[in-house]
Amino acid sequence: MTSSAPAGARPCALGRRLLPAGPLLRGLVLMTLVNAVGDGLFVTVNVLFFTRSLGLTPGSVALGLTAAGVCGVFAGVPMGRLADRAGSRRLLLVLGPLEAAAVLGYAFVRSFAAFVVLACAATVLSRGAAAVRSALIARALPADGQVRSRALLRSVANAGLVVGSGGAALALQADSYAGYVTMLALDAASFLGVALLLARLRVPATPAPGTPVRGGAAGGRRTALGDRRYLLVTALHAVLELQLAVLTVGLPLWIVLGTQAPAALVAAVNVVNCLLVVLFQVRASRGVTDVPSAARACAAGALLLAAGCAGYAAAQYGPAWAAAAALLAGALVHTLGELLTSAGGWTLSLDLADPRAHGEYQGVFLSGQAAAHVIGPLVVTLTAVNHGAAGWLVLAGLFALAGPALVPAVRGAAVAPVPTAP
């Protein structure tokens, strides 16, 4: 079959199909991709850079990063409140260059104390920027397609992380100070690039039409820290966020120390997870349209996470091939649960928030996630890694209790659209 389209038209058409039609979402996708590639570069080499080039011991690096993680937990709310007052876009234009400076600062660290201070500052900026970006997206994008948009952004972010990690392989191969610092410089450049893209992006100054308000638009402005329902939802969803530590800490250690499966399976599990998120996160968000459906998605996702943990537990028994099959099956089910709990969490964090204080609300929700990421490695180690199959079943029980509990937790939470000016 022949085509009368002019040369070069097909690539343009393909680009239009792959990129969102709206200029705002298209700009956010490009910003997310640039930021994720930089993150992939840094995350892949940072621990080796700290130990092999800066001369820090693995224990001191772990201690410093833990302290930084704790600091990051408390960054979301004050940064979110500042975004509510100063504007999310304006604040992000300041935070981007500061994040770039913090990353470059690692090249000049010469002591453990300096490392801890810089790691804490960099993590506070990173966690704070995440809350501010979430508030910007909540205000700028139309409510009816926001979950799908966030799913697209997450897929793009995972793709960017894969690209960045692949690029960092060159620095790992060189294993030199110059190679690692080049990765830091590229990560810093990504922060500056995102700031430049944001400066060129036209972001609405007022909430997008149809932005939801629980309980209607009337009434006084609520505060996230005084909203008991929101705090409960944040805590329950934070339990589901322990799945990240399961995937990044518990499962690699379990594969190597607790099963007969080959160590190379660690990489295979990571590839399966990344590809599924890139390919199916948008599709997994399609059924999440309101607070009740979001809670049900989290409940279903939590049960899948529990089933994944049961699969990991089964890998303790049997030969290498059976252990590998159980681990891969568990990783597949785990990732499906991750897709659903992520989609549900976005809707709960947005629709249960007062849009007049989106910065503070998103700060609280992301602080709950940050807390789970800080304590997650300890929880997973004390259960699954130290106690084998029994520990995995304990984790499965946590997921199976926390997810379904979100359904009654949101019951009666009415959502009404904000009246728009004529």
# chains A, B, ... in the order shown; residues from 1 in each chain; ligands from 1
$ residues_around --residues "Leu91 of chain A" --least-positions-apart "4" --cutoff "8 Å" --atoms "only C-alpha atoms" --output "MDAnalysis selection string"
chainID A and resid 82:83 86:87 95 132
$ residues_around --residues "Leu201 of chain A" --least-positions-apart "3" --cutoff "9 Å" --atoms "only C-alpha atoms" --output "PyMOL selection string"
chain A and resi 23-24+27-28+196-198
$ write_last_selection --atoms "N, CA, C and O atoms" --output "CSV table (one decimal), in the first residue's frame"
chain,number,residue,atom,x,y,z
A,23,PRO,N,-0.2,21.5,25.3
A,23,PRO,CA,1.2,22.0,25.5
A,23,PRO,C,1.7,21.9,26.9
A,23,PRO,O,2.9,21.8,27.2
A,24,LEU,N,0.8,22.1,27.9
A,24,LEU,CA,1.2,22.1,29.3
A,24,LEU,C,1.6,20.7,29.7
A,24,LEU,O,2.7,20.5,30.2
A,27,GLY,N,4.9,19.8,28.0
A,27,GLY,CA,6.0,20.4,28.7
A,27,GLY,C,6.4,19.7,30.0
A,27,GLY,O,7.5,19.4,30.3
A,28,LEU,N,5.3,19.2,30.7
A,28,LEU,CA,5.6,18.5,32.0
A,28,LEU,C,6.2,17.1,31.7
A,28,LEU,O,7.1,16.7,32.4
A,196,LEU,N,14.8,25.7,33.1
A,196,LEU,CA,14.7,26.5,31.9
A,196,LEU,C,13.4,26.1,31.2
A,196,LEU,O,12.7,27.0,30.6
A,197,LEU,N,13.1,24.8,31.1
A,197,LEU,CA,11.8,24.4,30.5
A,197,LEU,C,10.6,24.9,31.2
A,197,LEU,O,9.6,25.3,30.6
A,198,LEU,N,10.7,24.9,32.6
A,198,LEU,CA,9.6,25.5,33.3
A,198,LEU,C,9.4,27.0,33.1
A,198,LEU,O,8.3,27.5,33.1
$ atom_distance --atom1 "atom CA of Val277 of chain A" --atom2 "atom CA of Ala245 of chain A"
16.5 Å
$ closest_residue --among "A:Val379, A:Gly308, A:Val271, A:Phe74" --to "His334 of chain A" --atoms "only C-alpha atoms"
A:Gly308
$ residues_around --residues "segment 144-149 of chain A" --least-positions-apart "6" --cutoff "8 Å" --atoms "only C-alpha atoms" --output "PyMOL selection string"
chain A and resi 25+138+210+282+285-286+288-289+343+346-347
$ closest_residue --among "A:Ala409, A:Ala320, A:Ala294, A:Leu303" --to "Val256 of chain A" --atoms "only C-alpha atoms"
A:Ala320
$ residues_around --residues "Leu65 of chain A" --least-positions-apart "2" --cutoff "12 Å" --atoms "only C-alpha atoms" --output "list in words"
Asn46, Val47, Phe50, Pro58, Gly59, Ser60, Val61, Ala62, Leu63, Ala67, Ala68, Gly69, Val70, Cys71, Gly72, Phe112, Phe115, Val116, Val117, Leu118, Ala119, Cys120, Ala121, Ala122, Thr123, Val124, His373 and Val374 of chain A
$ write_last_selection --atoms "C-alpha atoms" --output "PDB file, in the first residue's frame"
ATOM      1  CA  ASN A  46      26.314   7.813  44.058  1.00  0.00           C
ATOM      2  CA  VAL A  47      27.155   5.050  46.551  1.00  0.00           C
ATOM      3  CA  PHE A  50      30.917   8.205  48.036  1.00  0.00           C
ATOM      4  CA  PRO A  58      29.763   1.909  53.566  1.00  0.00           C
ATOM      5  CA  GLY A  59      28.533   2.239  57.151  1.00  0.00           C
ATOM      6  CA  SER A  60      29.082   5.991  57.238  1.00  0.00           C
ATOM      7  CA  VAL A  61      27.371   6.397  53.881  1.00  0.00           C
ATOM      8  CA  ALA A  62      24.362   4.433  55.131  1.00  0.00           C
ATOM      9  CA  LEU A  63      24.240   6.523  58.317  1.00  0.00           C
ATOM     10  CA  ALA A  67      19.909  11.020  58.444  1.00  0.00           C
ATOM     11  CA  ALA A  68      19.206  12.749  55.136  1.00  0.00           C
ATOM     12  CA  GLY A  69      16.086  10.641  54.634  1.00  0.00           C
ATOM     13  CA  VAL A  70      14.762  11.627  58.061  1.00  0.00           C
ATOM     14  CA  CYS A  71      15.330  15.287  57.236  1.00  0.00           C
ATOM     15  CA  GLY A  72      13.497  14.802  53.959  1.00  0.00           C
ATOM     16  CA  PHE A 112      31.967  12.793  56.918  1.00  0.00           C
ATOM     17  CA  PHE A 115      28.811  14.744  53.611  1.00  0.00           C
ATOM     18  CA  VAL A 116      25.979  14.495  56.148  1.00  0.00           C
ATOM     19  CA  VAL A 117      25.200  18.212  55.994  1.00  0.00           C
ATOM     20  CA  LEU A 118      25.151  18.234  52.203  1.00  0.00           C
ATOM     21  CA  ALA A 119      23.155  15.004  51.957  1.00  0.00           C
ATOM     22  CA  CYS A 120      20.549  16.424  54.352  1.00  0.00           C
ATOM     23  CA  ALA A 121      20.336  19.687  52.380  1.00  0.00           C
ATOM     24  CA  ALA A 122      20.070  17.873  49.044  1.00  0.00           C
ATOM     25  CA  THR A 123      17.345  15.551  50.333  1.00  0.00           C
ATOM     26  CA  VAL A 124      15.328  18.392  51.850  1.00  0.00           C
ATOM     27  CA  HIS A 373      10.947   4.925  52.283  1.00  0.00           C
ATOM     28  CA  VAL A 374      13.141   5.750  55.294  1.00  0.00           C
TER      29      VAL A 374
END
$ decode --residues "segment 35-67 of chain A" --atoms "N, CA, C and O atoms" --output "CSV table (one decimal), in the first residue's frame"
chain,number,residue,atom,x,y,z
A,35,ASN,N,14.5,15.3,34.1
A,35,ASN,CA,14.8,15.1,35.5
A,35,ASN,C,15.1,13.7,35.8
A,35,ASN,O,16.0,13.4,36.6
A,36,ALA,N,14.3,12.8,35.2
A,36,ALA,CA,14.5,11.3,35.5
A,36,ALA,C,15.8,10.8,35.0
A,36,ALA,O,16.5,10.0,35.6
A,37,VAL,N,16.2,11.3,33.8
A,37,VAL,CA,17.5,10.8,33.2
A,37,VAL,C,18.6,11.3,34.2
A,37,VAL,O,19.6,10.5,34.5
A,38,GLY,N,18.6,12.5,34.7
A,38,GLY,CA,19.6,13.0,35.6
A,38,GLY,C,19.6,12.2,36.9
A,38,GLY,O,20.6,11.8,37.4
A,39,ASP,N,18.4,11.9,37.4
A,39,ASP,CA,18.3,11.0,38.6
A,39,ASP,C,18.9,9.7,38.4
A,39,ASP,O,19.5,9.1,39.3
A,40,GLY,N,18.6,9.1,37.2
A,40,GLY,CA,19.2,7.8,36.9
A,40,GLY,C,20.7,7.8,36.9
A,40,GLY,O,21.3,6.8,37.4
A,41,LEU,N,21.3,8.8,36.4
A,41,LEU,CA,22.7,9.0,36.4
A,41,LEU,C,23.3,9.0,37.8
A,41,LEU,O,24.2,8.3,38.1
A,42,PHE,N,22.6,9.8,38.6
A,42,PHE,CA,23.1,10.0,40.0
A,42,PHE,C,22.9,8.8,40.9
A,42,PHE,O,23.8,8.3,41.6
A,43,VAL,N,21.7,8.3,40.9
A,43,VAL,CA,21.4,7.2,41.8
A,43,VAL,C,22.3,5.9,41.5
A,43,VAL,O,22.6,5.2,42.4
A,44,THR,N,22.6,5.7,40.2
A,44,THR,CA,23.4,4.6,39.8
A,44,THR,C,24.8,4.6,40.3
A,44,THR,O,25.4,3.6,40.7
A,45,VAL,N,25.4,5.8,40.4
A,45,VAL,CA,26.8,5.9,40.8
A,45,VAL,C,27.1,6.5,42.2
A,45,VAL,O,28.2,6.5,42.6
A,46,ASN,N,26.0,7.0,42.9
A,46,ASN,CA,26.3,7.8,44.1
A,46,ASN,C,27.0,7.0,45.2
A,46,ASN,O,28.0,7.5,45.8
A,47,VAL,N,26.6,5.8,45.4
A,47,VAL,CA,27.2,5.1,46.6
A,47,VAL,C,28.6,4.7,46.2
A,47,VAL,O,29.5,4.8,47.1
A,48,LEU,N,28.9,4.3,45.0
A,48,LEU,CA,30.3,4.0,44.7
A,48,LEU,C,31.1,5.2,44.7
A,48,LEU,O,32.3,5.2,45.1
A,49,PHE,N,30.6,6.4,44.2
A,49,PHE,CA,31.3,7.6,44.3
A,49,PHE,C,31.7,8.0,45.8
A,49,PHE,O,32.8,8.3,46.1
A,50,PHE,N,30.7,7.9,46.6
A,50,PHE,CA,30.9,8.2,48.0
A,50,PHE,C,32.0,7.3,48.7
A,50,PHE,O,32.8,7.8,49.5
A,51,THR,N,32.0,6.0,48.3
A,51,THR,CA,32.9,5.1,49.0
A,51,THR,C,34.3,5.1,48.3
A,51,THR,O,35.3,5.1,48.9
A,52,ARG,N,34.3,5.0,46.9
A,52,ARG,CA,35.5,4.8,46.2
A,52,ARG,C,36.3,6.0,45.9
A,52,ARG,O,37.5,6.0,45.9
A,53,SER,N,35.5,7.2,45.7
A,53,SER,CA,36.2,8.4,45.4
A,53,SER,C,36.4,9.3,46.6
A,53,SER,O,37.4,10.0,46.7
A,54,LEU,N,35.3,9.4,47.5
A,54,LEU,CA,35.4,10.3,48.6
A,54,LEU,C,36.0,9.6,49.8
A,54,LEU,O,36.4,10.2,50.8
A,55,GLY,N,36.2,8.2,49.8
A,55,GLY,CA,36.8,7.5,50.9
A,55,GLY,C,35.9,7.3,52.1
A,55,GLY,O,36.5,6.9,53.1
A,56,LEU,N,34.6,7.4,52.0
A,56,LEU,CA,33.7,7.1,53.1
A,56,LEU,C,33.5,5.6,53.2
A,56,LEU,O,33.5,4.9,52.2
A,57,THR,N,33.3,5.1,54.4
A,57,THR,CA,33.0,3.7,54.6
A,57,THR,C,31.5,3.4,54.2
A,57,THR,O,30.7,4.3,54.3
A,58,PRO,N,31.2,2.2,53.8
A,58,PRO,CA,29.8,1.9,53.6
A,58,PRO,C,28.9,2.2,54.8
A,58,PRO,O,27.7,2.7,54.6
A,59,GLY,N,29.3,1.9,56.0
A,59,GLY,CA,28.5,2.2,57.2
A,59,GLY,C,28.3,3.7,57.3
A,59,GLY,O,27.1,4.1,57.7
A,60,SER,N,29.3,4.6,57.1
A,60,SER,CA,29.1,6.0,57.2
A,60,SER,C,28.2,6.5,56.1
A,60,SER,O,27.4,7.5,56.4
A,61,VAL,N,28.3,6.0,55.0
A,61,VAL,CA,27.4,6.4,53.9
A,61,VAL,C,25.9,6.1,54.2
A,61,VAL,O,25.0,6.9,54.1
A,62,ALA,N,25.7,4.8,54.7
A,62,ALA,CA,24.4,4.4,55.1
A,62,ALA,C,23.8,5.3,56.2
A,62,ALA,O,22.7,5.7,56.2
A,63,LEU,N,24.7,5.7,57.2
A,63,LEU,CA,24.2,6.5,58.3
A,63,LEU,C,23.9,7.9,57.8
A,63,LEU,O,22.9,8.5,58.2
A,64,GLY,N,24.7,8.5,56.9
A,64,GLY,CA,24.5,9.8,56.4
A,64,GLY,C,23.2,9.8,55.5
A,64,GLY,O,22.4,10.8,55.7
A,65,LEU,N,23.0,8.8,54.7
A,65,LEU,CA,21.8,8.8,53.9
A,65,LEU,C,20.5,8.6,54.7
A,65,LEU,O,19.5,9.1,54.4
A,66,THR,N,20.7,7.8,55.8
A,66,THR,CA,19.5,7.7,56.7
A,66,THR,C,19.1,9.0,57.4
A,66,THR,O,18.0,9.4,57.4
A,67,ALA,N,20.2,9.7,57.8
A,67,ALA,CA,19.9,11.0,58.4
A,67,ALA,C,19.3,12.0,57.4
A,67,ALA,O,18.3,12.7,57.7
